[in-house]
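Engineer: Supplied structure: upload-v3.txt, compact mmCIF, C-alpha atoms and all ligand atoms.
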# COMPACT_ATOMS: atom_id res chain seq x y z
CA MET A 23 -20.51 -6.10 24.31
CA ASP A 24 -20.89 -3.74 21.36
CA ASN A 25 -17.61 -3.51 19.48
CA ILE A 26 -16.93 -0.74 16.99
CA LEU A 27 -13.68 -2.18 15.62
CA GLU A 28 -12.19 -5.65 15.51
CA ILE A 29 -8.68 -6.45 14.38
CA LYS A 30 -8.08 -10.09 13.54
CA ASN A 31 -4.77 -11.86 12.93
CA LEU A 32 -3.11 -8.74 11.55
CA ASN A 33 0.45 -9.09 10.25
CA VAL A 34 2.16 -6.07 8.72
CA GLY A 35 5.76 -5.37 7.80
CA PHE A 36 8.21 -3.48 5.64
CA ASP A 37 10.50 -4.23 2.75
CA ILE A 38 13.87 -3.00 3.89
CA GLU A 39 16.64 -3.41 1.33
CA ASP A 40 16.22 -7.00 0.11
CA ASN A 41 14.36 -8.38 3.11
CA PHE A 42 10.93 -8.23 4.67
CA TYR A 43 10.57 -7.51 8.38
CA PHE A 44 7.40 -7.69 10.47
CA ALA A 45 6.38 -4.62 12.47
CA LEU A 46 3.07 -6.12 13.66
CA ASN A 47 2.72 -9.79 14.54
CA ASP A 48 -0.62 -11.50 14.74
CA ILE A 49 -2.52 -8.63 16.32
CA ASN A 50 -5.98 -9.48 17.66
CA LEU A 51 -7.87 -6.65 19.32
CA THR A 52 -11.47 -5.64 19.90
CA PHE A 53 -12.52 -2.11 20.74
CA GLU A 54 -15.75 -1.63 22.64
CA LYS A 55 -17.91 1.30 21.62
CA GLY A 56 -17.94 4.44 23.77
CA LYS A 57 -14.66 3.81 25.58
CA ILE A 58 -11.13 5.17 25.51
CA HIS A 59 -8.66 2.43 24.63
CA ALA A 60 -4.96 3.03 25.19
CA ILE A 61 -2.23 1.39 23.17
CA ALA A 62 1.09 1.92 24.91
CA GLY A 63 4.71 0.94 24.62
CA GLU A 64 8.11 2.45 23.98
CA SER A 65 9.10 4.19 20.78
CA GLY A 66 9.34 1.71 17.91
CA CYS A 67 6.92 -0.90 19.29
CA GLY A 68 4.48 -0.51 16.38
CA LYS A 69 1.79 1.83 17.72
CA SER A 70 1.71 4.15 14.71
CA VAL A 71 1.98 1.29 12.22
CA LEU A 72 -1.15 -0.16 13.84
CA ILE A 73 -3.10 3.11 13.65
CA ASN A 74 -1.94 3.79 10.11
CA THR A 75 -2.95 0.29 9.04
CA ILE A 76 -6.50 0.94 10.27
CA LEU A 77 -6.73 4.01 8.04
CA ARG A 78 -4.58 2.45 5.30
CA LEU A 79 -2.08 5.28 5.50
CA LEU A 80 1.01 3.09 5.40
CA PRO A 81 4.19 4.01 3.49
CA LYS A 82 4.97 2.48 0.11
CA ASN A 83 7.45 -0.11 1.37
CA SER A 84 4.84 -1.62 3.72
CA ARG A 85 2.92 -4.83 3.14
CA ILE A 86 -0.15 -6.10 4.94
CA LYS A 87 0.57 -9.82 4.91
CA SER A 88 -2.72 -10.98 6.41
CA GLY A 89 -5.58 -10.01 8.67
CA GLU A 90 -8.92 -8.27 8.85
CA ILE A 91 -9.95 -4.92 10.29
CA LEU A 92 -13.69 -4.95 10.75
CA PHE A 93 -15.42 -1.60 11.15
CA LYS A 94 -19.21 -1.54 10.97
CA ASP A 95 -19.30 -4.96 9.31
CA GLN A 96 -16.83 -4.08 6.57
CA ASP A 97 -13.22 -5.13 6.29
CA LEU A 98 -11.25 -1.89 5.90
CA LEU A 99 -8.38 -3.85 4.34
CA LYS A 100 -10.61 -4.95 1.47
CA LEU A 101 -11.97 -1.52 0.58
CA LYS A 102 -10.93 0.23 -2.62
CA GLU A 103 -8.84 3.39 -2.18
CA LYS A 104 -11.88 5.50 -3.11
CA GLU A 105 -13.98 3.80 -0.41
CA ILE A 106 -11.39 4.11 2.37
CA ARG A 107 -10.98 7.79 1.51
CA LYS A 108 -14.68 8.26 2.31
CA ILE A 109 -14.14 6.70 5.72
CA ARG A 110 -11.07 8.80 6.60
CA GLY A 111 -12.15 12.02 8.26
CA ASN A 112 -15.78 10.96 8.01
CA SER A 113 -16.54 7.99 10.21
CA ILE A 114 -12.97 7.56 11.47
CA SER A 115 -10.88 10.63 12.35
CA LEU A 116 -7.17 10.85 13.05
CA ILE A 117 -5.63 13.21 15.58
CA PRO A 118 -1.92 13.07 14.77
CA GLN A 119 1.01 13.81 17.05
CA ASP A 120 1.88 16.80 14.92
CA PRO A 121 -1.31 18.71 14.06
CA PHE A 122 0.52 20.40 11.17
CA MET A 123 0.18 17.08 9.35
CA SER A 124 -3.60 17.49 9.21
CA LEU A 125 -3.75 21.21 8.57
CA ASN A 126 -2.90 22.85 5.28
CA PRO A 127 -0.53 25.78 5.92
CA LEU A 128 -1.93 27.67 2.91
CA TYR A 129 -5.55 27.93 4.06
CA THR A 130 -7.23 29.70 6.96
CA ILE A 131 -8.81 27.54 9.66
CA GLU A 132 -12.25 28.63 8.45
CA ASN A 133 -11.57 27.46 4.90
CA GLN A 134 -10.22 24.13 6.15
CA LEU A 135 -13.21 23.52 8.40
CA LEU A 136 -15.53 24.32 5.49
CA GLU A 137 -13.75 21.54 3.57
CA VAL A 138 -14.64 18.81 6.08
CA PRO A 139 -16.60 16.48 3.77
CA SER A 140 -19.69 16.00 5.91
CA ILE A 141 -20.31 19.75 6.26
CA LYS A 142 -20.32 20.59 2.59
CA ASP A 143 -24.01 19.93 1.96
CA ARG A 144 -25.27 21.22 5.28
CA GLU A 145 -27.02 24.51 5.93
CA ASN A 146 -25.74 26.91 8.57
CA LYS A 147 -22.18 25.69 7.95
CA ILE A 148 -20.56 28.52 9.85
CA ASN A 149 -22.82 27.99 12.86
CA ILE A 150 -21.96 24.29 12.95
CA ILE A 151 -18.25 25.20 12.78
CA LYS A 152 -18.56 27.79 15.53
CA GLY A 153 -20.49 25.30 17.67
CA ALA A 154 -17.69 22.74 17.28
CA LEU A 155 -15.02 25.32 18.13
CA GLU A 156 -17.01 26.27 21.22
CA GLU A 157 -17.20 22.62 22.22
CA VAL A 158 -13.41 22.36 22.12
CA LYS A 159 -13.25 25.45 24.34
CA ILE A 160 -11.80 27.90 21.83
CA LYS A 161 -12.68 31.37 23.10
CA ASN A 162 -11.65 33.86 20.40
CA ILE A 163 -13.46 31.94 17.68
CA ASP A 164 -13.62 34.71 15.05
CA THR A 165 -9.88 35.37 15.28
CA VAL A 166 -9.05 31.66 15.11
CA LEU A 167 -11.27 31.21 12.04
CA LYS A 168 -9.34 33.88 10.18
CA SER A 169 -5.94 32.52 11.27
CA TYR A 170 -3.50 30.33 9.35
CA PRO A 171 -2.19 27.22 11.15
CA HIS A 172 1.25 28.74 11.84
CA GLU A 173 -0.44 31.57 13.77
CA LEU A 174 -1.88 29.12 16.33
CA SER A 175 -0.17 27.40 19.27
CA GLY A 176 0.25 23.61 19.28
CA GLY A 177 -2.62 23.18 21.75
CA MET A 178 -4.90 25.42 19.69
CA LYS A 179 -4.12 23.44 16.52
CA GLN A 180 -5.00 20.18 18.31
CA ARG A 181 -8.32 21.74 19.41
CA VAL A 182 -9.04 22.64 15.78
CA ILE A 183 -8.33 19.04 14.71
CA ILE A 184 -10.66 17.73 17.42
CA ALA A 185 -13.30 20.23 16.24
CA MET A 186 -12.88 18.72 12.74
CA ALA A 187 -13.62 15.29 14.21
CA LEU A 188 -16.74 16.72 15.88
CA ILE A 189 -17.96 18.30 12.65
CA SER A 190 -17.35 15.09 10.74
CA LYS A 191 -19.46 13.13 13.25
CA SER A 192 -16.80 10.40 13.40
CA ASP A 193 -17.72 7.49 15.66
CA LEU A 194 -14.11 6.45 16.04
CA ILE A 195 -11.21 8.77 16.79
CA LEU A 196 -7.63 7.57 16.47
CA ALA A 197 -5.35 9.79 18.50
CA ASP A 198 -1.65 9.12 17.85
CA GLU A 199 0.25 10.70 20.76
CA PRO A 200 -1.94 13.82 20.55
CA THR A 201 -0.32 15.52 23.53
CA THR A 202 3.36 14.64 23.16
CA ALA A 203 4.27 18.02 21.69
CA LEU A 204 2.30 19.98 24.31
CA ASP A 205 3.10 21.20 27.81
CA VAL A 206 1.42 19.53 30.79
CA THR A 207 -1.44 22.00 31.29
CA VAL A 208 -2.42 22.11 27.62
CA SER A 209 -1.96 18.37 27.40
CA ASN A 210 -4.39 17.81 30.30
CA SER A 211 -7.00 20.05 28.72
CA ILE A 212 -6.77 18.11 25.43
CA LEU A 213 -7.12 14.81 27.32
CA ASN A 214 -10.15 16.22 29.15
CA LEU A 215 -11.65 17.06 25.78
CA LEU A 216 -11.17 13.44 24.69
CA LEU A 217 -12.94 12.37 27.88
CA GLU A 218 -15.86 14.65 26.99
CA LEU A 219 -16.00 13.11 23.52
CA LYS A 220 -16.18 9.68 25.09
CA ASN A 221 -19.02 10.83 27.32
CA LYS A 222 -20.84 11.80 24.13
CA GLY A 223 -20.55 8.24 22.87
CA LYS A 224 -17.42 8.43 20.70
CA THR A 225 -14.83 5.68 20.81
CA ILE A 226 -11.21 6.75 21.10
CA ILE A 227 -8.04 4.78 20.52
CA LEU A 228 -5.30 6.70 22.27
CA ILE A 229 -1.74 5.90 21.35
CA THR A 230 0.81 6.90 23.93
CA HIS A 231 4.21 6.08 25.31
CA ASP A 232 3.26 7.89 28.51
CA LEU A 233 1.57 5.46 30.88
CA SER A 234 0.95 8.21 33.43
CA ILE A 235 -1.98 9.51 31.36
CA VAL A 236 -3.41 6.05 30.74
CA SER A 237 -4.66 5.28 34.24
CA ASN A 238 -6.62 8.54 34.49
CA TYR A 239 -8.18 8.62 31.05
CA CYS A 240 -8.40 5.17 29.49
CA ASP A 241 -10.80 2.28 30.07
CA THR A 242 -8.63 -0.43 28.58
CA THR A 243 -4.90 -0.67 27.97
CA THR A 244 -2.96 -2.73 25.48
CA ILE A 245 0.79 -2.96 25.97
CA MET A 246 2.84 -3.61 22.85
CA TYR A 247 6.45 -4.66 22.53
CA LEU A 248 8.22 -4.94 19.18
CA GLY A 249 5.01 -5.53 17.23
CA ASP A 250 3.50 -8.01 19.71
CA ILE A 251 0.70 -7.52 22.20
CA VAL A 252 2.24 -8.54 25.51
CA GLU A 253 -0.57 -7.60 27.89
CA ILE A 254 -4.12 -6.33 27.63
CA ASN A 255 -6.63 -5.55 30.34
CA SER A 256 -8.94 -2.95 31.81
CA SER A 257 -6.73 -0.03 32.86
CA ASP A 258 -7.78 -0.51 36.50
CA LYS A 259 -6.62 -4.11 36.60
CA LEU A 260 -3.48 -3.47 34.57
CA PHE A 261 -2.30 -0.77 36.95
CA LYS A 262 -3.31 -2.56 40.15
CA ASN A 263 -1.88 -5.87 39.10
CA PRO A 264 0.46 -5.69 36.11
CA LEU A 265 1.60 -9.15 35.04
CA HIS A 266 4.06 -8.92 32.17
CA PRO A 267 7.60 -7.92 33.24
CA TYR A 268 7.56 -5.24 30.51
CA THR A 269 4.32 -3.73 31.84
CA LYS A 270 5.78 -3.85 35.36
CA ALA A 271 8.92 -2.13 34.13
CA LEU A 272 6.94 0.60 32.33
CA ILE A 273 4.87 1.24 35.46
CA GLY A 274 8.01 1.10 37.63
CA ALA A 275 9.54 3.82 35.48
CA LEU A 276 6.66 6.22 36.18
CA PRO A 277 7.36 9.18 38.45
CA THR A 278 4.44 8.43 40.80
CA SER A 279 5.14 8.30 44.49
CA ARG A 280 7.36 11.06 45.79
CA GLY A 281 10.81 10.01 46.86
CA LYS A 282 10.57 6.75 44.95
CA LYS A 283 13.61 6.12 42.80
CA LEU A 284 12.68 5.76 39.14
CA GLU A 285 13.72 2.45 37.70
CA ASN A 286 14.91 2.58 34.13
CA ILE A 287 14.13 -0.37 31.90
CA LYS A 288 17.46 -1.94 31.11
CA GLY A 289 18.64 -1.97 27.51
CA GLN A 290 16.78 -0.64 24.52
CA ILE A 291 14.04 -1.78 22.18
CA SER A 292 15.62 -3.41 19.11
CA PRO A 293 14.98 -2.40 15.52
CA ILE A 294 12.59 -4.68 13.61
CA THR A 295 15.53 -5.78 11.46
CA GLU A 296 16.99 -7.66 14.43
CA LYS A 297 15.59 -11.19 14.64
CA ILE A 298 15.00 -12.17 18.26
CA LYS A 299 14.08 -15.77 18.98
CA GLY A 300 11.66 -16.70 21.75
CA CYS A 301 10.22 -13.86 23.83
CA LYS A 302 11.33 -10.62 22.21
CA PHE A 303 11.65 -8.99 25.63
CA HIS A 304 14.06 -11.64 26.93
CA PRO A 305 17.29 -9.64 26.41
CA ARG A 306 15.88 -6.99 28.78
CA CYS A 307 13.91 -9.15 31.19
CA ASN A 308 15.02 -9.71 34.79
CA PHE A 309 12.90 -12.88 35.01
CA ALA A 310 14.06 -14.58 31.81
CA MET A 311 14.24 -18.39 32.01
CA GLU A 312 15.85 -20.86 29.67
CA LYS A 313 12.80 -21.36 27.49
CA CYS A 314 12.30 -17.59 27.10
CA CYS A 315 15.21 -17.50 24.66
CA CYS A 316 13.71 -20.05 22.27
CA ILE A 317 9.93 -20.35 22.67
CA LYS A 318 7.72 -17.38 21.96
CA PRO A 319 5.02 -17.06 24.64
CA LYS A 320 1.40 -16.92 23.46
CA LEU A 321 -1.12 -14.34 24.67
CA ILE A 322 -3.21 -16.38 27.10
CA ASN A 323 -5.53 -14.85 29.70
CA ASN A 324 -4.42 -11.31 28.79
CA VAL A 325 -0.67 -11.84 29.07
CA ALA A 326 2.08 -13.26 26.85
CA CYS A 327 4.73 -14.50 29.25
CA HIS A 328 6.08 -17.91 30.26
CA LEU A 329 5.81 -16.94 33.94
CA TYR A 330 2.06 -17.42 33.67
CA ASN A 331 1.49 -19.88 30.85
N1 LIG B 401 8.50 2.95 6.31
C1 LIG B 401 9.16 2.16 7.15
N2 LIG B 401 10.18 1.38 6.72
C2 LIG B 401 10.86 0.58 7.56
N3 LIG B 401 10.58 0.46 8.86
C3 LIG B 401 9.59 1.21 9.36
C4 LIG B 401 8.83 2.12 8.54
N4 LIG B 401 7.91 2.73 9.32
C5 LIG B 401 8.08 2.25 10.57
N5 LIG B 401 9.08 1.34 10.58
C6 LIG B 401 9.55 0.58 11.76
O1 LIG B 401 8.46 -0.09 12.35
C7 LIG B 401 8.61 -0.12 13.77
C8 LIG B 401 7.37 0.43 14.43
O2 LIG B 401 7.30 1.81 14.13
P1 LIG B 401 6.16 2.76 14.71
O3 LIG B 401 6.28 4.05 14.01
O4 LIG B 401 4.85 2.09 14.63
O5 LIG B 401 6.59 2.90 16.23
P2 LIG B 401 5.82 3.67 17.39
O6 LIG B 401 5.47 2.67 18.42
O7 LIG B 401 4.72 4.48 16.81
O8 LIG B 401 6.98 4.61 17.95
P3 LIG B 401 6.94 6.16 18.42
O9 LIG B 401 6.49 6.13 19.86
O10 LIG B 401 8.35 6.59 18.27
O11 LIG B 401 6.00 6.91 17.52
C9 LIG B 401 9.87 0.66 14.09
O12 LIG B 401 10.94 -0.23 14.25
C10 LIG B 401 10.08 1.50 12.85
O13 LIG B 401 11.45 1.81 12.64
S1 LIG B 402 8.49 -14.82 28.64
FE1 LIG B 402 10.34 -14.86 29.82
S2 LIG B 402 11.64 -13.23 28.99
FE2 LIG B 402 9.56 -12.90 28.26
S3 LIG B 402 8.70 -11.49 29.70
FE3 LIG B 402 8.13 -13.51 30.40
S4 LIG B 402 9.77 -14.11 31.82
FE4 LIG B 402 10.51 -12.33 30.67
MG MG B 403 4.37 6.52 16.60
Mind turning this structure into structure tokens?

Structural biologist:
Amino acid sequence: MDNILEIKNLNVGFDIEDNFYFALNDINLTFEKGKIHAIAGESGCGKSVLINTILRLLPKNSRIKSGEILFKDQDLLKLKEKEIRKIRGNSISLIPQDPFMSLNPLYTIENQLLEVPSIKDRENKINIIKGALEEVKIKNIDTVLKSYPHELSGGMKQRVIIAMALISKSDLILADEPTTALDVTVSNSILNLLLELKNKGKTIILITHDLSIVSNYCDTTTIMYLGDIVEINSSDKLFKNPLHPYTKALIGALPTSRGKKLENIKGQISPITEKIKGCKFHPRCNFAMEKCCCIKPKLINNVACHLYN
């Protein structure tokens, strides 16, 4: 198996007032090249912290306590700021939830695309840019090039960001809830674009809290809960035979079969400042046993739950 990214024993947290709280606990993940990998879980489970740790875009009060993030034989966590800046937007691209974050409101789309580092020394810049915009199915290319970000719809802005990733020739694309702000039709077309990128050999890590898109688009799925990986598998297996009660609850809450009553997951995800002993899901779990309250289950054979281990 050819892996593009390996995360080993990653522990990350935040200084909040006078204490330190973990947001990611002992994360071990490998990402095979040329696939779409989903990372899913409710709001607050640590998805964005994980993505932002890969690109070293964490806020000031964060601390990476330990771990390695290996990308093309180099540990991203050991790189100097100057070196990681070369990787961002070059070999690893980020598609954020809010495309405004990646677009400068003061410049036209054309000027921003001309600033993509890997295009600067190339000939036929404008043809390369137009080719990328065509690939992301933008029709009125000349108008879009002359536009400022606020003149474009959310879907159009996301297409421009994906075009940036194409121009930069990134091998790895980190997409943090890229469709959350979009309506269903636009969202599907953006996801289809990601699928096309995968078919061209790119690797995509797709962060989402919407499991309904995962089964159609993603090869593997990692389920996170409060900074822990609780289940990981090929998306096929995970949907056919979910093991962890949290995964089952997330799938049970999906509006799939008509007439089926949606089951809400009881309770709410806790803030990281709340210390929970044992399995962090136990206050919400319908299968909790005595030991769940005091012994934290390990991730064994793709699942971290005492029902199996
Ligand atoms: N700068 C920070 N200081 C303190 N806590 C933080 C900070 N950034 C994130 N957190 C906390 O870390 C946890 C994980 O946050 P994260 O943003 O990764 O969640 P998420 O899974 O991406 O959620 P969402 O689906 O809402 O985007 C949350 O409890 C969040 O409040
Ligand atoms: S370890 Fe216990 S509380 Fe946690 S998910 Fe499994 S059964 Fe539920
Ligand atoms: Mg997030």

Engineer: Using all atoms listed in the file, what table do you get, as JSON lines, when you list each residue of chain A with an atom no more than 6 Å from ligand LIG 401 (chain B), its nearest pair of atoms, and their distance in Å rounded to one decimal, rows by chain then rising number?

Structural biologist:
{"residue": "A:Phe36", "atom": "CA", "partner": "B:LIG401", "partner_atom": "C2", "distance": 5.2}
{"residue": "A:Ile38", "atom": "CA", "partner": "B:LIG401", "partner_atom": "C2", "distance": 5.9}
{"residue": "A:Ala45", "atom": "CA", "partner": "B:LIG401", "partner_atom": "O1", "distance": 5.0}
{"residue": "A:Glu64", "atom": "CA", "partner": "B:LIG401", "partner_atom": "O9", "distance": 5.8}
{"residue": "A:Ser65", "atom": "CA", "partner": "B:LIG401", "partner_atom": "O9", "distance": 3.4}
{"residue": "A:Gly66", "atom": "CA", "partner": "B:LIG401", "partner_atom": "O5", "distance": 3.4}
{"residue": "A:Cys67", "atom": "CA", "partner": "B:LIG401", "partner_atom": "O6", "distance": 4.0}
{"residue": "A:Gly68", "atom": "CA", "partner": "B:LIG401", "partner_atom": "O4", "distance": 3.2}
{"residue": "A:Lys69", "atom": "CA", "partner": "B:LIG401", "partner_atom": "O6", "distance": 3.8}
{"residue": "A:Ser70", "atom": "CA", "partner": "B:LIG401", "partner_atom": "O7", "distance": 3.7}
{"residue": "A:Val71", "atom": "CA", "partner": "B:LIG401", "partner_atom": "O4", "distance": 3.8}
{"residue": "A:Pro81", "atom": "CA", "partner": "B:LIG401", "partner_atom": "N1", "distance": 5.3}
{"residue": "A:Asn83", "atom": "CA", "partner": "B:LIG401", "partner_atom": "N1", "distance": 5.9}
{"residue": "A:His231", "atom": "CA", "partner": "B:LIG401", "partner_atom": "O9", "distance": 5.9}
{"residue": "A:Pro293", "atom": "CA", "partner": "B:LIG401", "partner_atom": "O12", "distance": 4.8}
{"residue": "A:Ile294", "atom": "CA", "partner": "B:LIG401", "partner_atom": "O12", "distance": 4.8}

Engineer: Using only C-alpha atoms, which of A:Ser115, A:Lys299, A:Leu213, A:Arg306 sits nearest A:Asn286?

Structural biologist: A:Arg306

Engineer: Please find the residues contacting ligand LIG 402 (chain B) at a distance of at most 8 Å between atoms, with only C-alpha atoms and all ligand atoms counted, and report them as an MDAnalysis selection string.

Structural biologist: chainID A and resid 266:268 300:311 313:315 318:319 326:330

Engineer: Please measure the separation of atom CA of A:Ile58 and atom CA of A:Lys220, giving the value in Å to one decimal.

Structural biologist: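 About the pair atom CA of A:Ile58 and atom CA of A:Lys220: they are 6.8 Å apart.
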
Engineer: Could you list, as a tab-separated table (two decimals) with C-alpha atoms, keeping the file's coordinate frame, every residue within 9 Å of A:Arg85, counting all atoms listed in the file and ignoring same-chain residues fewer than 4 positions away?

Structural biologist:
chain	number	residue	atom	x	y	z
A	33	ASN	CA	0.45	-9.09	10.25
A	34	VAL	CA	2.16	-6.07	8.72
A	35	GLY	CA	5.76	-5.37	7.80
A	36	PHE	CA	8.21	-3.48	5.64
A	37	ASP	CA	10.50	-4.23	2.75
A	42	PHE	CA	10.93	-8.23	4.67
A	80	LEU	CA	1.01	3.09	5.40
A	81	PRO	CA	4.19	4.01	3.49

Engineer: Measuring atom to atom with all atoms listed in the file, identify which of A:Asn146, A:Arg110, A:Ala197, A:Lys87 is nearest to ligand MG 403 (chain B).

Structural biologist: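 Closest to ligand MG 403 (chain B) of all the choices is A:Ala197.
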
Engineer: Could you tell me which of A:Glu199, A:Glu137, A:Glu105, A:Glu28 comes closest to ligand MG 403 (chain B) if we count all atoms listed in the file?

Structural biologist: A:Glu199

Engineer: I need the residue nearest A:Asn214 from this list: A:Cys240, A:Ile106, A:Asn331, A:Ile322. Use only C-alpha atoms for the distance.

Structural biologist: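 Selected residue with least distance to A:Asn214: A:Cys240.
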
Engineer: Is it possible to add all heavy atoms to stretch 214-222 of chain A and hand it back as a compact mmCIF listing (two decimals), keeping the file's coordinate frame?

Structural biologist:
# COMPACT_ATOMS: atom_id res chain seq x y z
N ASN A 214 -8.79 16.03 28.62
CA ASN A 214 -10.15 16.22 29.15
C ASN A 214 -11.17 16.35 28.04
O ASN A 214 -12.30 15.88 28.16
CB ASN A 214 -10.19 17.43 30.08
CG ASN A 214 -9.55 17.12 31.42
OD1 ASN A 214 -9.63 15.98 31.90
ND2 ASN A 214 -8.88 18.09 32.02
N LEU A 215 -10.75 16.96 26.94
CA LEU A 215 -11.65 17.06 25.78
C LEU A 215 -11.97 15.67 25.23
O LEU A 215 -13.11 15.38 24.87
CB LEU A 215 -10.99 17.86 24.66
CG LEU A 215 -11.19 19.36 24.65
CD1 LEU A 215 -10.46 19.95 23.45
CD2 LEU A 215 -12.66 19.72 24.58
N LEU A 216 -10.94 14.81 25.17
CA LEU A 216 -11.17 13.44 24.69
C LEU A 216 -12.16 12.71 25.60
O LEU A 216 -13.02 11.98 25.14
CB LEU A 216 -9.86 12.66 24.60
CG LEU A 216 -8.84 13.17 23.57
CD1 LEU A 216 -7.60 12.27 23.55
CD2 LEU A 216 -9.43 13.23 22.17
N LEU A 217 -12.02 12.98 26.91
CA LEU A 217 -12.94 12.37 27.88
C LEU A 217 -14.37 12.84 27.62
O LEU A 217 -15.33 12.06 27.67
CB LEU A 217 -12.49 12.79 29.28
CG LEU A 217 -12.70 11.84 30.43
CD1 LEU A 217 -12.20 10.44 30.13
CD2 LEU A 217 -11.98 12.36 31.69
N GLU A 218 -14.51 14.13 27.30
CA GLU A 218 -15.86 14.65 26.99
C GLU A 218 -16.42 13.99 25.74
O GLU A 218 -17.61 13.69 25.67
CB GLU A 218 -15.80 16.17 26.78
CG GLU A 218 -15.73 16.94 28.09
CD GLU A 218 -15.65 18.44 27.88
OE1 GLU A 218 -16.16 18.94 26.85
OE2 GLU A 218 -15.05 19.11 28.74
N LEU A 219 -15.55 13.77 24.75
CA LEU A 219 -16.00 13.11 23.52
C LEU A 219 -16.49 11.70 23.83
O LEU A 219 -17.50 11.25 23.31
CB LEU A 219 -14.88 13.04 22.48
CG LEU A 219 -14.41 14.34 21.86
CD1 LEU A 219 -13.39 14.08 20.77
CD2 LEU A 219 -15.58 15.11 21.27
N LYS A 220 -15.76 11.03 24.70
CA LYS A 220 -16.18 9.68 25.09
C LYS A 220 -17.55 9.73 25.77
O LYS A 220 -18.43 8.92 25.49
CB LYS A 220 -15.15 9.08 26.05
CG LYS A 220 -15.63 7.82 26.74
CD LYS A 220 -14.72 7.41 27.85
CE LYS A 220 -15.52 7.02 29.07
NZ LYS A 220 -14.76 6.33 30.08
N ASN A 221 -17.73 10.72 26.63
CA ASN A 221 -19.02 10.83 27.32
C ASN A 221 -20.16 11.13 26.36
O ASN A 221 -21.32 10.93 26.68
CB ASN A 221 -18.94 11.89 28.43
CG ASN A 221 -18.00 11.43 29.53
OD1 ASN A 221 -17.81 10.23 29.71
ND2 ASN A 221 -17.39 12.37 30.25
N LYS A 222 -19.81 11.59 25.16
CA LYS A 222 -20.84 11.80 24.13
C LYS A 222 -21.01 10.58 23.25
O LYS A 222 -21.67 10.63 22.22
CB LYS A 222 -20.46 13.01 23.27
CG LYS A 222 -20.63 14.31 23.99
CD LYS A 222 -20.31 15.46 23.09
CE LYS A 222 -20.44 16.75 23.89
NZ LYS A 222 -19.45 17.73 23.52
